[in-house]
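A.B. asks: My structure is stored as structure-v5.pdb, with PDB, C-alpha atoms.
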```
ATOM      1  CA  MET D   1      -3.612 -20.996  -3.347
ATOM      2  CA  THR D   2      -5.878 -17.958  -3.025
ATOM      3  CA  ASN D   3      -5.906 -15.553  -5.946
ATOM      4  CA  SER D   4      -5.650 -11.791  -5.452
ATOM      5  CA  PRO D   5      -8.280  -9.360  -6.762
ATOM      6  CA  ALA D   6      -7.426  -8.344 -10.337
ATOM      7  CA  ALA D   7      -7.010  -4.694  -9.339
ATOM      8  CA  TRP D   8      -6.273  -3.086  -5.993
ATOM      9  CA  PRO D   9      -8.210  -1.560  -4.438
ATOM     10  CA  PRO D  10     -11.473  -2.997  -5.756
ATOM     11  CA  PRO D  11     -14.683  -0.954  -5.509
ATOM     12  CA  PRO D  12     -16.011  -0.918  -1.919
ATOM     13  CA  SER D  13     -18.667  -3.443  -0.919
ATOM     14  CA  THR D  14     -18.274  -5.394  -4.168
ATOM     15  CA  PRO D  15     -18.019  -9.198  -3.782
ATOM     16  CA  VAL D  16     -14.832 -10.550  -5.348
ATOM     17  CA  PRO D  17     -14.588 -14.382  -5.302
ATOM     18  CA  LEU D  18     -10.980 -15.446  -4.740
ATOM     19  CA  THR D  19     -11.551 -19.203  -4.466
ATOM     20  CA  PRO D  20     -14.666 -21.405  -4.405
ATOM     21  CA  HIS D  21     -14.796 -20.787  -0.642
ATOM     22  CA  VAL D  22     -13.421 -17.242  -0.169
ATOM     23  CA  ILE D  23     -15.121 -13.948  -1.103
ATOM     24  CA  HIS D  24     -13.558 -10.530  -0.459
ATOM     25  CA  LEU D  25     -15.412  -7.261   0.105
ATOM     26  CA  LEU D  26     -13.626  -3.990   0.882
ATOM     27  CA  ALA D  27     -15.358  -1.918   3.549
ATOM     28  CA  PRO D  28     -16.108   1.725   2.614
ATOM     29  CA  ASN D  29     -14.087   3.174   5.498
ATOM     30  CA  ALA D  30     -10.847   4.337   3.858
ATOM     31  CA  ASN D  31      -8.823   6.850   5.908
ATOM     32  CA  SER D  32      -5.282   7.386   7.196
ATOM     33  CA  TRP D  33      -5.770   4.591   9.783
ATOM     34  CA  THR D  34      -7.433   2.008   7.544
ATOM     35  CA  TYR D  35      -5.606   2.818   4.273
ATOM     36  CA  GLU D  36      -7.940   1.742   1.429
ATOM     37  CA  GLY D  37     -10.418   0.308   3.944
ATOM     38  CA  THR D  38     -10.931  -2.790   6.062
ATOM     39  CA  ASN D  39     -10.954  -6.161   4.318
ATOM     40  CA  SER D  40     -14.145  -8.115   5.017
ATOM     41  CA  TRP D  41     -14.156 -11.806   4.194
ATOM     42  CA  VAL D  42     -16.918 -14.344   3.553
ATOM     43  CA  ILE D  43     -15.921 -17.993   3.929
ATOM     44  CA  ARG D  44     -18.528 -20.385   2.495
ATOM     45  CA  GLY D  45     -18.978 -24.109   2.504
ATOM     46  CA  ALA D  46     -21.135 -25.932  -0.037
ATOM     47  CA  ALA D  47     -24.437 -24.585  -1.339
ATOM     48  CA  GLY D  48     -27.080 -25.009   1.318
ATOM     49  CA  GLY D  49     -24.407 -25.336   4.021
ATOM     50  CA  SER D  50     -22.762 -22.879   6.385
ATOM     51  CA  SER D  51     -20.746 -19.695   6.016
ATOM     52  CA  VAL D  52     -19.037 -17.117   8.233
ATOM     53  CA  VAL D  53     -18.334 -13.417   7.818
ATOM     54  CA  VAL D  54     -14.976 -12.186   9.109
ATOM     55  CA  ASP D  55     -14.483  -8.508  10.071
ATOM     56  CA  PRO D  56     -17.602  -6.718   8.793
ATOM     57  CA  GLY D  57     -15.886  -3.390   9.407
ATOM     58  CA  THR D  58     -17.941  -0.235   9.312
ATOM     59  CA  GLU D  59     -21.620   0.008  10.241
ATOM     60  CA  ASP D  60     -22.585   0.904   6.698
ATOM     61  CA  ARG D  61     -25.956  -0.533   5.715
ATOM     62  CA  ALA D  62     -25.093  -1.125   2.051
ATOM     63  CA  HIS D  63     -21.841  -2.893   3.013
ATOM     64  CA  LEU D  64     -23.553  -5.078   5.597
ATOM     65  CA  GLU D  65     -26.294  -6.005   3.131
ATOM     66  CA  ALA D  66     -23.652  -6.919   0.535
ATOM     67  CA  LEU D  67     -21.923  -9.129   3.102
ATOM     68  CA  ALA D  68     -25.210 -10.762   4.068
ATOM     69  CA  ALA D  69     -26.058 -11.447   0.419
ATOM     70  CA  ALA D  70     -22.653 -13.010  -0.262
ATOM     71  CA  ALA D  71     -22.793 -15.116   2.893
ATOM     72  CA  THR D  72     -26.311 -16.442   2.267
ATOM     73  CA  SER D  73     -26.066 -17.010  -1.481
ATOM     74  CA  GLY D  74     -26.726 -20.563  -2.581
ATOM     75  CA  GLY D  75     -28.905 -21.086   0.461
ATOM     76  CA  CYS D  76     -26.048 -20.897   2.955
ATOM     77  CA  ARG D  77     -26.753 -20.135   6.612
ATOM     78  CA  VAL D  78     -24.411 -17.762   8.437
ATOM     79  CA  ALA D  79     -22.942 -19.599  11.429
ATOM     80  CA  ALA D  80     -21.041 -16.647  12.934
ATOM     81  CA  VAL D  81     -19.777 -13.113  12.464
ATOM     82  CA  ILE D  82     -16.115 -13.478  13.444
ATOM     83  CA  LEU D  83     -13.812 -10.670  14.595
ATOM     84  CA  THR D  84     -10.063 -11.022  14.137
ATOM     85  CA  HIS D  85      -9.904  -8.336  16.848
ATOM     86  CA  THR D  86     -12.184  -5.666  18.228
ATOM     87  CA  HIS D  87     -10.634  -2.437  16.916
ATOM     88  CA  PRO D  88     -13.536  -0.295  15.639
ATOM     89  CA  ASP D  89     -12.580  -0.442  11.957
ATOM     90  CA  HIS D  90     -13.108  -4.220  12.119
ATOM     91  CA  SER D  91     -15.932  -4.492  14.636
ATOM     92  CA  ASP D  92     -18.237  -1.469  14.253
ATOM     93  CA  GLY D  93     -20.642  -3.318  11.981
ATOM     94  CA  ALA D  94     -20.607  -6.612  13.870
ATOM     95  CA  ARG D  95     -23.754  -6.196  15.984
ATOM     96  CA  ALA D  96     -25.831  -4.838  13.100
ATOM     97  CA  LEU D  97     -24.715  -7.679  10.812
ATOM     98  CA  SER D  98     -25.346 -10.206  13.579
ATOM     99  CA  ALA D  99     -28.952  -9.030  13.770
ATOM    100  CA  LEU D 100     -29.299  -8.949   9.979
ATOM    101  CA  VAL D 101     -28.202 -12.570   9.453
ATOM    102  CA  ASP D 102     -29.295 -13.946  12.851
ATOM    103  CA  ALA D 103     -25.833 -15.229  13.781
ATOM    104  CA  PRO D 104     -23.680 -14.789  16.891
ATOM    105  CA  VAL D 105     -20.623 -12.551  17.076
ATOM    106  CA  ALA D 106     -17.602 -14.794  17.668
ATOM    107  CA  ALA D 107     -14.353 -13.434  19.108
ATOM    108  CA  VAL D 108     -11.554 -14.017  21.601
ATOM    109  CA  ALA D 109     -12.668 -10.970  23.628
ATOM    110  CA  PRO D 110     -15.343 -12.019  26.184
ATOM    111  CA  GLU D 111     -16.944  -8.578  26.258
ATOM    112  CA  TRP D 112     -17.706  -8.854  22.526
ATOM    113  CA  ALA D 113     -18.405 -12.522  22.072
ATOM    114  CA  ASP D 114     -21.787 -14.205  21.904
ATOM    115  CA  ARG D 115     -19.614 -17.188  21.021
ATOM    116  CA  LEU D 116     -16.202 -17.189  22.693
ATOM    117  CA  LEU D 117     -13.495 -18.623  20.455
ATOM    118  CA  ALA D 118     -10.609 -20.665  21.849
ATOM    119  CA  ASP D 119      -7.120 -21.210  20.515
ATOM    120  CA  GLY D 120      -7.051 -24.448  18.508
ATOM    121  CA  GLU D 121     -10.814 -24.562  17.975
ATOM    122  CA  ARG D 122     -12.051 -25.729  14.567
ATOM    123  CA  ILE D 123     -15.050 -24.110  12.873
ATOM    124  CA  ASP D 124     -16.468 -26.689  10.467
ATOM    125  CA  LEU D 125     -18.246 -25.344   7.387
ATOM    126  CA  GLY D 126     -18.544 -28.672   5.581
ATOM    127  CA  PRO D 127     -16.009 -28.880   2.728
ATOM    128  CA  VAL D 128     -13.897 -26.171   4.370
ATOM    129  CA  ALA D 129     -12.936 -25.561   8.003
ATOM    130  CA  LEU D 130     -11.276 -22.738   9.919
ATOM    131  CA  ASP D 131      -8.753 -23.341  12.688
ATOM    132  CA  VAL D 132      -8.635 -20.579  15.309
ATOM    133  CA  LEU D 133      -5.201 -19.297  16.332
ATOM    134  CA  HIS D 134      -4.985 -16.831  19.217
ATOM    135  CA  THR D 135      -2.227 -14.510  18.002
ATOM    136  CA  PRO D 136      -1.850 -11.597  20.451
ATOM    137  CA  GLY D 137       0.437  -8.651  19.774
ATOM    138  CA  HIS D 138      -1.254  -6.189  17.472
ATOM    139  CA  SER D 139      -3.911  -6.347  20.188
ATOM    140  CA  ASP D 140      -4.429  -8.671  23.125
ATOM    141  CA  ASP D 141      -7.540 -10.143  21.475
ATOM    142  CA  SER D 142      -6.105 -10.721  17.993
ATOM    143  CA  LEU D 143      -6.686 -14.035  16.260
ATOM    144  CA  CYS D 144      -5.872 -15.593  12.909
ATOM    145  CA  LEU D 145      -7.951 -18.159  11.044
ATOM    146  CA  SER D 146      -6.264 -20.923   9.076
ATOM    147  CA  LEU D 147      -8.244 -22.583   6.290
ATOM    148  CA  ALA D 148      -7.592 -26.226   7.032
ATOM    149  CA  GLY D 149      -5.751 -27.950   4.191
ATOM    150  CA  GLU D 150      -5.747 -24.869   1.928
ATOM    151  CA  ARG D 151      -2.451 -23.112   2.840
ATOM    152  CA  THR D 152      -4.399 -19.887   3.474
ATOM    153  CA  VAL D 153      -4.548 -17.829   6.698
ATOM    154  CA  LEU D 154      -6.752 -14.851   7.521
ATOM    155  CA  THR D 155      -4.358 -12.674   9.504
ATOM    156  CA  GLY D 156      -6.401  -9.648  10.590
ATOM    157  CA  ASP D 157      -3.986  -6.823  11.421
ATOM    158  CA  THR D 158      -1.212  -9.173  12.555
ATOM    159  CA  ILE D 159       0.068  -9.233   8.960
ATOM    160  CA  LEU D 160      -0.993  -6.490   6.543
ATOM    161  CA  GLY D 161      -0.710  -6.308   2.791
ATOM    162  CA  GLY D 162       2.390  -4.252   1.997
ATOM    163  CA  ARG D 163       2.582  -2.521   5.378
ATOM    164  CA  SER D 164       3.550  -3.106   8.992
ATOM    165  CA  ALA D 165       0.880  -2.968  11.702
ATOM    166  CA  GLY D 166       1.115  -1.024  14.942
ATOM    167  CA  VAL D 167       1.557  -2.847  18.233
ATOM    168  CA  PHE D 168      -1.205  -2.039  20.726
ATOM    169  CA  GLY D 169      -0.651  -5.160  22.804
ATOM    170  CA  ASP D 170       2.456  -6.858  24.184
ATOM    171  CA  LEU D 171       5.492  -6.720  21.874
ATOM    172  CA  GLY D 172       6.971  -9.925  23.281
ATOM    173  CA  GLN D 173       3.735 -11.719  22.418
ATOM    174  CA  TYR D 174       3.753 -10.150  18.951
ATOM    175  CA  LEU D 175       7.267 -11.418  18.268
ATOM    176  CA  ALA D 176       6.171 -14.890  19.403
ATOM    177  CA  THR D 177       3.097 -14.654  17.151
ATOM    178  CA  LEU D 178       5.284 -13.841  14.143
ATOM    179  CA  GLU D 179       7.476 -16.861  14.916
ATOM    180  CA  GLN D 180       4.297 -18.957  15.172
ATOM    181  CA  LEU D 181       3.105 -17.837  11.720
ATOM    182  CA  ILE D 182       6.536 -18.536  10.225
ATOM    183  CA  ALA D 183       6.430 -22.056  11.681
ATOM    184  CA  LEU D 184       2.836 -22.547  10.515
ATOM    185  CA  SER D 185       3.834 -21.673   6.948
ATOM    186  CA  GLY D 186       6.655 -24.202   6.880
ATOM    187  CA  ASP D 187       8.423 -24.581   3.563
ATOM    188  CA  GLU D 188       5.298 -24.482   1.383
ATOM    189  CA  PRO D 189       3.823 -21.262  -0.022
ATOM    190  CA  THR D 190       1.061 -20.007   2.251
ATOM    191  CA  THR D 191      -1.265 -17.132   1.378
ATOM    192  CA  ALA D 192      -2.262 -14.461   3.899
ATOM    193  CA  LEU D 193      -5.619 -12.686   3.685
ATOM    194  CA  PRO D 194      -4.859  -9.516   5.671
ATOM    195  CA  GLY D 195      -7.034  -7.033   7.532
ATOM    196  CA  HIS D 196      -5.893  -4.212   5.234
ATOM    197  CA  GLY D 197      -4.182  -4.170   1.860
ATOM    198  CA  PRO D 198      -3.925  -6.719  -0.949
ATOM    199  CA  VAL D 199      -3.558 -10.468  -0.571
ATOM    200  CA  VAL D 200      -0.087 -11.532   0.593
ATOM    201  CA  ALA D 201       1.282 -14.361  -1.552
ATOM    202  CA  ASP D 202       3.943 -15.576   0.912
ATOM    203  CA  LEU D 203       2.981 -15.473   4.591
ATOM    204  CA  ARG D 204       6.344 -16.834   5.738
ATOM    205  CA  ALA D 205       8.268 -14.098   3.908
ATOM    206  CA  ALA D 206       5.897 -11.393   5.152
ATOM    207  CA  ALA D 207       6.056 -12.526   8.788
ATOM    208  CA  SER D 208       9.850 -12.858   8.571
ATOM    209  CA  ARG D 209      10.113  -9.336   7.165
ATOM    210  CA  VAL D 210       7.934  -7.875   9.949
ATOM    211  CA  LEU D 211       9.975  -9.759  12.555
ATOM    212  CA  GLU D 212      13.195  -8.340  11.104
ATOM    213  CA  VAL D 213      11.736  -4.819  11.089
ATOM    214  CA  ARG D 214      10.589  -5.114  14.703
ATOM    215  CA  ARG D 215      13.960  -6.381  15.898
ATOM    216  CA  GLY D 216      15.736  -3.645  13.951
ATOM    217  CA  ARG D 217      13.432  -1.049  15.470
ATOM    218  CA  LEU D 218      14.287  -2.276  18.964
ATOM    219  CA  ALA D 219      18.003  -1.936  18.198
ATOM    220  CA  ASP D 220      17.457   1.599  16.859
ATOM    221  CA  ILE D 221      15.547   2.603  19.990
ATOM    222  CA  VAL D 222      18.318   1.297  22.234
ATOM    223  CA  THR D 223      20.825   3.338  20.213
ATOM    224  CA  HIS D 224      18.729   6.498  20.576
ATOM    225  CA  ILE D 225      18.347   5.913  24.319
ATOM    226  CA  GLY D 226      22.120   5.535  24.567
ATOM    227  CA  GLY D 227      22.400   8.899  22.852
ATOM    228  CA  GLY D 228      20.308  10.569  25.542
ATOM    229  CA  ASP D 229      16.733  10.296  24.236
ATOM    230  CA  THR D 230      14.914   8.820  27.238
ATOM    231  CA  THR D 231      11.397  10.217  26.760
ATOM    232  CA  VAL D 232       8.573   8.729  24.703
ATOM    233  CA  ARG D 233       8.105  11.999  22.807
ATOM    234  CA  ALA D 234      11.782  12.257  21.850
ATOM    235  CA  LEU D 235      11.937   8.630  20.741
ATOM    236  CA  VAL D 236       8.779   8.901  18.639
ATOM    237  CA  GLY D 237      10.362  11.914  16.916
ATOM    238  CA  ARG D 238      13.579   9.986  16.267
ATOM    239  CA  VAL D 239      11.979   6.793  15.007
ATOM    240  CA  TYR D 240       9.077   8.360  13.065
ATOM    241  CA  PRO D 241      10.507  11.717  11.872
ATOM    242  CA  LYS D 242       7.977  12.277   9.049
ATOM    243  CA  LEU D 243       4.857  11.009  10.760
ATOM    244  CA  GLU D 244       1.441  12.371   9.799
ATOM    245  CA  GLU D 245      -0.375  14.033  12.689
ATOM    246  CA  SER D 246      -3.217  11.506  12.557
ATOM    247  CA  ARG D 247      -0.735   8.616  12.990
ATOM    248  CA  ILE D 248       0.900   9.950  16.172
ATOM    249  CA  PRO D 249      -1.395   8.056  18.610
ATOM    250  CA  SER D 250      -0.537   4.769  16.875
ATOM    251  CA  ALA D 251       3.180   5.620  16.989
ATOM    252  CA  VAL D 252       2.996   6.451  20.707
ATOM    253  CA  ALA D 253       1.185   3.183  21.488
ATOM    254  CA  THR D 254       3.732   1.190  19.487
ATOM    255  CA  MET D 255       6.620   3.032  21.146
ATOM    256  CA  LEU D 256       5.192   2.217  24.584
ATOM    257  CA  ALA D 257       5.042  -1.467  23.595
ATOM    258  CA  ASN D 258       8.683  -1.312  22.471
ATOM    259  CA  LEU D 259       9.819   0.390  25.667
ATOM    260  CA  ASP D 260       7.859  -1.985  27.903
ATOM    261  CA  TYR D 261       9.656  -4.842  26.155
ATOM    262  CA  LEU D 262      13.098  -3.254  26.494
ATOM    263  CA  VAL D 263      12.631  -2.303  30.154
ATOM    264  CA  GLY D 264      11.553  -5.876  30.876
ATOM    265  CA  GLN D 265      14.672  -7.462  29.344
ATOM    266  CA  ASP D 266      18.013  -7.955  31.037
ATOM    267  CA  ALA D 267      20.785  -5.429  30.353
ATOM    268  CA  ALA D 268      22.290  -7.484  27.525
ATOM    269  CA  ARG D 269      19.025  -7.569  25.530
ATOM    270  CA  GLY D 270      17.317  -4.411  26.714
ATOM    271  CA  ILE D 271      18.612  -1.033  27.880
ATOM    272  CA  PRO D 272      22.176  -1.512  29.174
ATOM    273  CA  ASP D 273      22.480   1.634  31.290
ATOM    274  CA  PRO D 274      20.422   1.332  34.521
ATOM    275  CA  THR D 275      20.047   5.107  34.836
ATOM    276  CA  ALA D 276      18.644   5.366  31.317
ATOM    277  CA  ARG D 277      16.413   2.354  31.974
ATOM    278  CA  GLU D 278      14.935   4.054  35.047
ATOM    279  CA  ALA D 279      14.423   7.336  33.164
ATOM    280  CA  VAL D 280      12.620   5.543  30.340
ATOM    281  CA  ALA D 281      10.420   3.585  32.756
ATOM    282  CA  ARG D 282       9.429   6.806  34.562
ATOM    283  CA  ASP D 283       8.454   8.525  31.322
ATOM    284  CA  VAL D 284       6.476   5.487  30.135
ATOM    285  CA  ASP D 285       4.500   5.609  33.404
ATOM    286  CA  ARG D 286       3.972   9.366  32.986
ATOM    287  CA  VAL D 287       2.670   9.029  29.428
ATOM    288  CA  ARG D 288       0.367   6.159  30.356
ATOM    289  CA  THR D 289      -1.050   8.157  33.266
ATOM    290  CA  GLN D 290      -1.731  11.079  30.932
ATOM    291  CA  MET D 291      -3.414   8.784  28.413
ATOM    292  CA  MET D 292      -5.645   7.250  31.072
ATOM    293  CA  SER D 293      -6.676  10.673  32.389
ATOM    294  CA  ARG D 294      -7.888  11.694  28.925
ATOM    295  CA  ARG D 295     -10.258   8.745  28.552
TER
END
```
Please, can you express the file's structure as C-alpha cells?
C.D. replies:
Amino acid sequence: MTNSPAAWPPPPSTPVPLTPHVIHLLAPNANSWTYEGTNSWVIRGAAGGSSVVVDPGTEDRAHLEALAAAATSGGCRVAAVILTHTHPDHSDGARALSALVDAPVAAVAPEWADRLLADGERIDLGPVALDVLHTPGHSDDSLCLSLAGERTVLTGDTILGGRSAGVFGDLGQYLATLEQLIALSGDEPTTALPGHGPVVADLRAAASRVLEVRRGRLADIVTHIGGGDTTVRALVGRVYPKLEESRIPSAVATMLANLDYLVGQDAARGIPDPTAREAVARDVDRVRTQMMSRR
C-alpha cells in the first residue's frame, strides 16, 4: 500500500518518496482550478533501470528540474513523460521536460503523443510495471495507470483527493469508468494517487462515492427541469448556488455533459416530458454555439 505524505500539502517541487517505486512532487501552480496544485509523480524501477514522470504540470523550470533529478537518481533513464490527460495544468510542462530528460511524451491523445498509449498496454520498468487504462469521462483523453501487483492506481483527474472532478467529456463514459475502477479494486484495499489532493486510501470507496454523487446530481437536475428550469444558466444556478466566479466555466461544461446524457436517455431514465426535453436540447445547442464562437 502507498503511504500518504506526512503533511498536506507538502512544499511545492519537493520530492516525497511514498514507496520504493513512487515519488510525489506537488507542482507550484495552486489556484481555484488546481486547488493546492497538480500532483506530479515519478515511478522508478531499480537503480540503473527505467523511470517515468507522470503529469509534470506547470512549465516551471525549478519544478521540471526537480522532477528530472528524481527520475534520474540512481542512474535511472527516463523512458517517458506520461500525461493522464492534456488539460494545461497537467501538460504545460511536458514538452520542456521531454527535452530536458530526452524522453518522449506519452499520451492517449494523438496530437500530444510522441508515443501513443493504448488501453491495456503495459509499461515495464523492471521490478515495477504500469498498466494503461483508457478511462474517458473527465476528458475524452483521460487515462489511469495501475501499478501491476501493487494495488495502486494513478487516477489523474478521474478520482481526486477529497473532491469531485468536473466532467468535460461524455458523462455516460465517466459513469462506466467509475464502474471500471470499482471492479478493478475488487474487495482488497486499493490506493489511488490522484491528479489533485492527498492520496486516497480506498479507491473503491472513492469511486463509489463519486458515482453516487453523479447519479444523485442527475436526479436533482431532472427534478429542476420538471419544475420549469430548462436553460443551462438556470440549472447551473440551481445546482451550484454558491459557485465562485472562476468555477462557472467548469460548472457549465459539467452541466452540458449532464444534459447531453439526460437528453440521450429514454423518458424513464432521462427527461420524461418531451416538451421540456426539446427545450433543454435547444438551449444546450445555443450555449455550445456561443462557446464555439468565443474560441
A.B. asks: Could you check which of D:Val213, D:Ile43, D:Ala109, D:Val54 is closest to D:Thr155, using only C-alpha atoms?
C.D. replies: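 With only C-alpha atoms as the atom set, the closest residue is D:Val54.
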A.B. asks: Listing only residues of stretch 220-246 of chain D within 12 Å of stretch 255-268 of chain D, what is the closest atom pair and its distance in Å (to one decimal) for each, using only C-alpha atoms, sorted by chain and residue number ascending, as a tab-separated table?
C.D. replies:
```
residue	atom	partner	partner_atom	distance
D:Asp220	CA	D:Asn258	CA	10.8
D:Ile221	CA	D:Asn258	CA	8.3
D:Val222	CA	D:Leu262	CA	8.1
D:Thr223	CA	D:Leu262	CA	11.9
D:His224	CA	D:Leu259	CA	11.9
D:Ile225	CA	D:Leu259	CA	10.2
D:Thr230	CA	D:Leu259	CA	10.0
D:Thr231	CA	D:Leu259	CA	10.0
D:Val232	CA	D:Met255	CA	7.0
D:Arg233	CA	D:Met255	CA	9.2
D:Ala234	CA	D:Met255	CA	10.6
D:Leu235	CA	D:Met255	CA	7.7
D:Val236	CA	D:Met255	CA	6.7
D:Gly237	CA	D:Met255	CA	10.5
D:Arg238	CA	D:Met255	CA	11.0
D:Val239	CA	D:Met255	CA	9.0
D:Tyr240	CA	D:Met255	CA	10.0
```
A.B. asks: Could you list, as a PyMOL selection string, every residue within 12 Å of D:Thr190, counting all atoms listed in the file and ignoring same-chain residues fewer than 3 positions away?
C.D. replies: chain D and resi 1-3+146-155+181-187+193+199-207
A.B. asks: Using the chain letters and numbers from the file, give me the residues hit by the PyMOL selection byres ((chain D and resi 116-123) around 9), as number ranges by chain.
C.D. replies: D: 105-110, 112-115, 124-125, 128-135, 143, 148
A.B. asks: Write out as a count of residues only the residues lying within 12 Å of D:Leu67, counting all atoms listed in the file and excluding same-chain residues fewer than 4 positions away.
C.D. replies: 41
A.B. asks: If I take atom CA of D:Ala279 and atom CA of D:Gly228, how far is one from the other in Å, to one decimal?
C.D. replies: 10.2 Å
A.B. asks: Show me as a list of chain:residue names the residues that reach within 8 Å of (-0.5, -10.8, 15.4), counting all atoms listed in the file and using the file's own coordinates.
C.D. replies: D:Thr135, D:Pro136, D:Gly137, D:His138, D:Ser139, D:Ser142, D:Leu143, D:Cys144, D:Thr155, D:Gly156, D:Asp157, D:Thr158, D:Ile159, D:Tyr174, D:Thr177, D:Leu178
A.B. asks: In Å, with one decimal, what is the gap from atom CA of D:Val287 to atom CA of D:Arg215?
C.D. replies: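 Taking atom CA of D:Val287 and atom CA of D:Arg215, their separation equals 23.4 Å.
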A.B. asks: What does the structure give for the distance between atom CA of D:Ile248 and atom CA of D:Arg163, in Å to one decimal?
C.D. replies: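 These two atoms are separated by 16.6 Å.
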